[in-house]
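> One structure coming up, written as structure tokens, with questions to follow.
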Amino acid sequence: MPDIKEPIKIYENDMQLQSSLKEWQARLFLDGWCITVELVDDIDIGVTGRNWFVKNEKYAYIQMLKSHCECRYGGVFISRNPQEKTLIHELLHCKIGYVQREKNFENDISETYEHQLIDELAKSLIMAKYDLPFDWFKEPYIK
């Protein structure tokens with residue numbers, strides 16, 4: 001059975017991460033941006049990545065969890081979440097970044113839908129690059 005090419009589940013080192021960043025910056029037309037990305041042990045509960053960016057100055061600082069490659073709830077597998085997809089998701093915020101809004105119910109719903117859209121686009125880009133079906137995200141990762 002031939003090797004199936006898959007997205008990077010966990011970046012092995014900083015060189016691999018920076019190479020992936022460079023590739024995806026080019027693919028997403030973000031070459032003119034100054035973007036720093038690093039892997040960290042902890043961010044916030046419930047998030048696998050965070051992007052602080054300034055659109056008009058075209059710079060961003062991205063943090064991603066070091067060892068995260070799937071979504072679980074109470075130990076139960078929900079979905080694959082490779083770090084490469086998380087990187088794409090965070091980079092897409094530079095393209096589709098929301099405007100800072102007043103905190104209220106309507107704006108929270110709008111931000112939720114925006115995040116869902118960004119995540120679906122990130123999955124679509126992974127599926128296109130690696131020729132994967134959507135079901136690939138539904139299967140547990142086995143080493």
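Ordered as shown in the structure tokens, chains take letters A, B, and onward, while each chain numbers its residues from 1 and ligands are numbered from 1 in the order shown.
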I want to know what sits within 9 Å of A:Leu92, based on only C-alpha atoms, with residues of the same chain fewer than 2 positions away left out; could you give that as JSON, numbers by chain?
{"A": [28, 87, 88, 89, 90, 94, 95, 96, 97, 118, 119, 121, 122]}
> Write out as a PyMOL selection string each polymer residue whose atoms come within 10 Å of A:Gln18, counting only C-alpha atoms; drop sequence neighbours fewer than 6 positions from it.
chain A and resi 11+24+36-38
> For A:Gln116, which residue among A:Lys129, A:His93, A:Lys9, A:Lys138 is the nearest when counting only C-alpha atoms?
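The answer is A:His93, which sits nearest to A:Gln116.
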> Please give the complete set of residues from chain A that DSSP, run on the backbone, assigns to helix (DSSP H, G or I), formatted as a PyMOL selection string.
chain A and resi 14-27+55-57+83-96+105-130+134-138
> Considering only C-alpha atoms, state which residue in the set A:Asp44, A:Ile126, A:Lys22, A:Glu139 is at the smallest distance from A:Glu84.
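Nearest candidate to A:Glu84 out of A:Asp44, A:Ile126, A:Lys22, A:Glu139: A:Ile126.
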> Mind pulling up the distance from atom CA of A:Leu39 to atom CA of A:Gly74?
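Rounded to one decimal, the two atoms are 23.8 Å apart.
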> Near A:Trp33, counting only C-alpha atoms, which residues have an atom at most 7 Å away, once you skip same-chain residues fewer than 2 positions from it, shown as a VMD selection string?
chain A and resid 30 to 31 35 58 to 59
> Could you please take those selected residues and save N, CA and C atoms as a compact mmCIF listing (two decimals), in the first residue's frame?

# COMPACT_ATOMS: atom_id res chain seq x y z
N LEU A 30 0.28 36.19 1.60
CA LEU A 30 0.67 36.96 2.78
C LEU A 30 2.18 37.21 2.79
N ASP A 31 2.80 37.15 1.62
CA ASP A 31 4.26 37.34 1.54
C ASP A 31 4.71 38.68 2.08
N ILE A 35 5.41 37.90 9.87
CA ILE A 35 4.67 36.98 10.74
C ILE A 35 5.65 36.13 11.54
N LYS A 58 0.51 45.11 8.64
CA LYS A 58 0.83 43.78 8.11
C LYS A 58 1.85 43.02 8.95
N TYR A 59 1.56 42.89 10.23
CA TYR A 59 2.37 42.00 11.05
C TYR A 59 1.48 41.20 11.97
> Could you pull out the strand (DSSP E or B) residues of stretch 47-93 of chain A, going by DSSP on the backbone, and write them as an MDAnalysis selection string?
chainID A and resid 49:54 59:65 70:73 76:80
> Hey, can you spit out that residue selection with N, CA and C atoms as a PDB file, in the first residue's frame?

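Ended up saving to part.pdb:
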ATOM      1  N   GLY A  49      -4.666  27.673  18.961  1.00  0.00           N
ATOM      2  CA  GLY A  49      -3.817  28.703  18.398  1.00  0.00           C
ATOM      3  C   GLY A  49      -4.398  30.072  18.672  1.00  0.00           C
ATOM      4  N   ARG A  50      -3.536  31.073  18.586  1.00  0.00           N
ATOM      5  CA  ARG A  50      -3.966  32.456  18.807  1.00  0.00           C
ATOM      6  C   ARG A  50      -3.133  33.350  17.897  1.00  0.00           C
ATOM      7  N   ASN A  51      -3.776  34.359  17.303  1.00  0.00           N
ATOM      8  CA  ASN A  51      -3.110  35.278  16.387  1.00  0.00           C
ATOM      9  C   ASN A  51      -3.388  36.713  16.829  1.00  0.00           C
ATOM     10  N   TRP A  52      -2.324  37.426  17.144  1.00  0.00           N
ATOM     11  CA  TRP A  52      -2.418  38.859  17.397  1.00  0.00           C
ATOM     12  C   TRP A  52      -1.883  39.530  16.147  1.00  0.00           C
ATOM     13  N   PHE A  53      -2.692  40.345  15.479  1.00  0.00           N
ATOM     14  CA  PHE A  53      -2.259  40.934  14.214  1.00  0.00           C
ATOM     15  C   PHE A  53      -2.702  42.381  14.112  1.00  0.00           C
ATOM     16  N   VAL A  54      -1.982  43.130  13.283  1.00  0.00           N
ATOM     17  CA  VAL A  54      -2.331  44.508  12.951  1.00  0.00           C
ATOM     18  C   VAL A  54      -2.394  44.560  11.424  1.00  0.00           C
ATOM     19  N   TYR A  59       1.557  42.894  10.228  1.00  0.00           N
ATOM     20  CA  TYR A  59       2.367  42.005  11.050  1.00  0.00           C
ATOM     21  C   TYR A  59       1.475  41.201  11.974  1.00  0.00           C
ATOM     22  N   ALA A  60       1.982  40.028  12.350  1.00  0.00           N
ATOM     23  CA  ALA A  60       1.202  39.126  13.187  1.00  0.00           C
ATOM     24  C   ALA A  60       2.128  38.292  14.060  1.00  0.00           C
ATOM     25  N   TYR A  61       1.612  37.927  15.214  1.00  0.00           N
ATOM     26  CA  TYR A  61       2.316  37.030  16.129  1.00  0.00           C
ATOM     27  C   TYR A  61       1.361  35.884  16.438  1.00  0.00           C
ATOM     28  N   ILE A  62       1.773  34.677  16.077  1.00  0.00           N
ATOM     29  CA  ILE A  62       0.934  33.493  16.244  1.00  0.00           C
ATOM     30  C   ILE A  62       1.562  32.558  17.264  1.00  0.00           C
ATOM     31  N   GLN A  63       0.732  32.087  18.176  1.00  0.00           N
ATOM     32  CA  GLN A  63       1.132  31.032  19.109  1.00  0.00           C
ATOM     33  C   GLN A  63       0.268  29.810  18.833  1.00  0.00           C
ATOM     34  N   MET A  64       0.890  28.624  18.910  1.00  0.00           N
ATOM     35  CA  MET A  64       0.167  27.365  18.731  1.00  0.00           C
ATOM     36  C   MET A  64       0.594  26.397  19.828  1.00  0.00           C
ATOM     37  N   LEU A  65      -0.345  25.550  20.268  1.00  0.00           N
ATOM     38  CA  LEU A  65      -0.003  24.540  21.261  1.00  0.00           C
ATOM     39  C   LEU A  65       1.004  23.549  20.691  1.00  0.00           C
ATOM     40  N   GLU A  70      -5.391  16.704  17.817  1.00  0.00           N
ATOM     41  CA  GLU A  70      -6.779  16.253  17.686  1.00  0.00           C
ATOM     42  C   GLU A  70      -7.637  16.910  18.750  1.00  0.00           C
ATOM     43  N   CYS A  71      -8.937  16.970  18.473  1.00  0.00           N
ATOM     44  CA  CYS A  71      -9.889  17.536  19.425  1.00  0.00           C
ATOM     45  C   CYS A  71     -10.508  16.401  20.224  1.00  0.00           C
ATOM     46  N   ARG A  72     -10.508  16.572  21.523  1.00  0.00           N
ATOM     47  CA  ARG A  72     -11.126  15.596  22.419  1.00  0.00           C
ATOM     48  C   ARG A  72     -11.978  16.333  23.437  1.00  0.00           C
ATOM     49  N   TYR A  73     -12.988  15.645  23.911  1.00  0.00           N
ATOM     50  CA  TYR A  73     -13.793  16.178  25.000  1.00  0.00           C
ATOM     51  C   TYR A  73     -13.958  15.066  26.016  1.00  0.00           C
ATOM     52  N   VAL A  76     -12.761  11.704  24.916  1.00  0.00           N
ATOM     53  CA  VAL A  76     -13.404  11.093  23.750  1.00  0.00           C
ATOM     54  C   VAL A  76     -12.958  11.826  22.486  1.00  0.00           C
ATOM     55  N   PHE A  77     -12.506  11.072  21.486  1.00  0.00           N
ATOM     56  CA  PHE A  77     -12.063  11.648  20.220  1.00  0.00           C
ATOM     57  C   PHE A  77     -13.235  12.319  19.506  1.00  0.00           C
ATOM     58  N   ILE A  78     -12.994  13.535  19.006  1.00  0.00           N
ATOM     59  CA  ILE A  78     -14.007  14.245  18.231  1.00  0.00           C
ATOM     60  C   ILE A  78     -13.543  14.438  16.790  1.00  0.00           C
ATOM     61  N   SER A  79     -12.325  14.966  16.620  1.00  0.00           N
ATOM     62  CA  SER A  79     -11.858  15.284  15.275  1.00  0.00           C
ATOM     63  C   SER A  79     -10.347  15.417  15.249  1.00  0.00           C
ATOM     64  N   ARG A  80      -9.736  15.073  14.105  1.00  0.00           N
ATOM     65  CA  ARG A  80      -8.317  15.366  13.902  1.00  0.00           C
ATOM     66  C   ARG A  80      -8.165  16.875  13.764  1.00  0.00           C
TER      67      ARG A  80
END
> For a test of reading the model, state the distance in Å between atom CA of A:Leu91 and atom CA of A:Ile45, rounded to one decimal.
20.3 Å
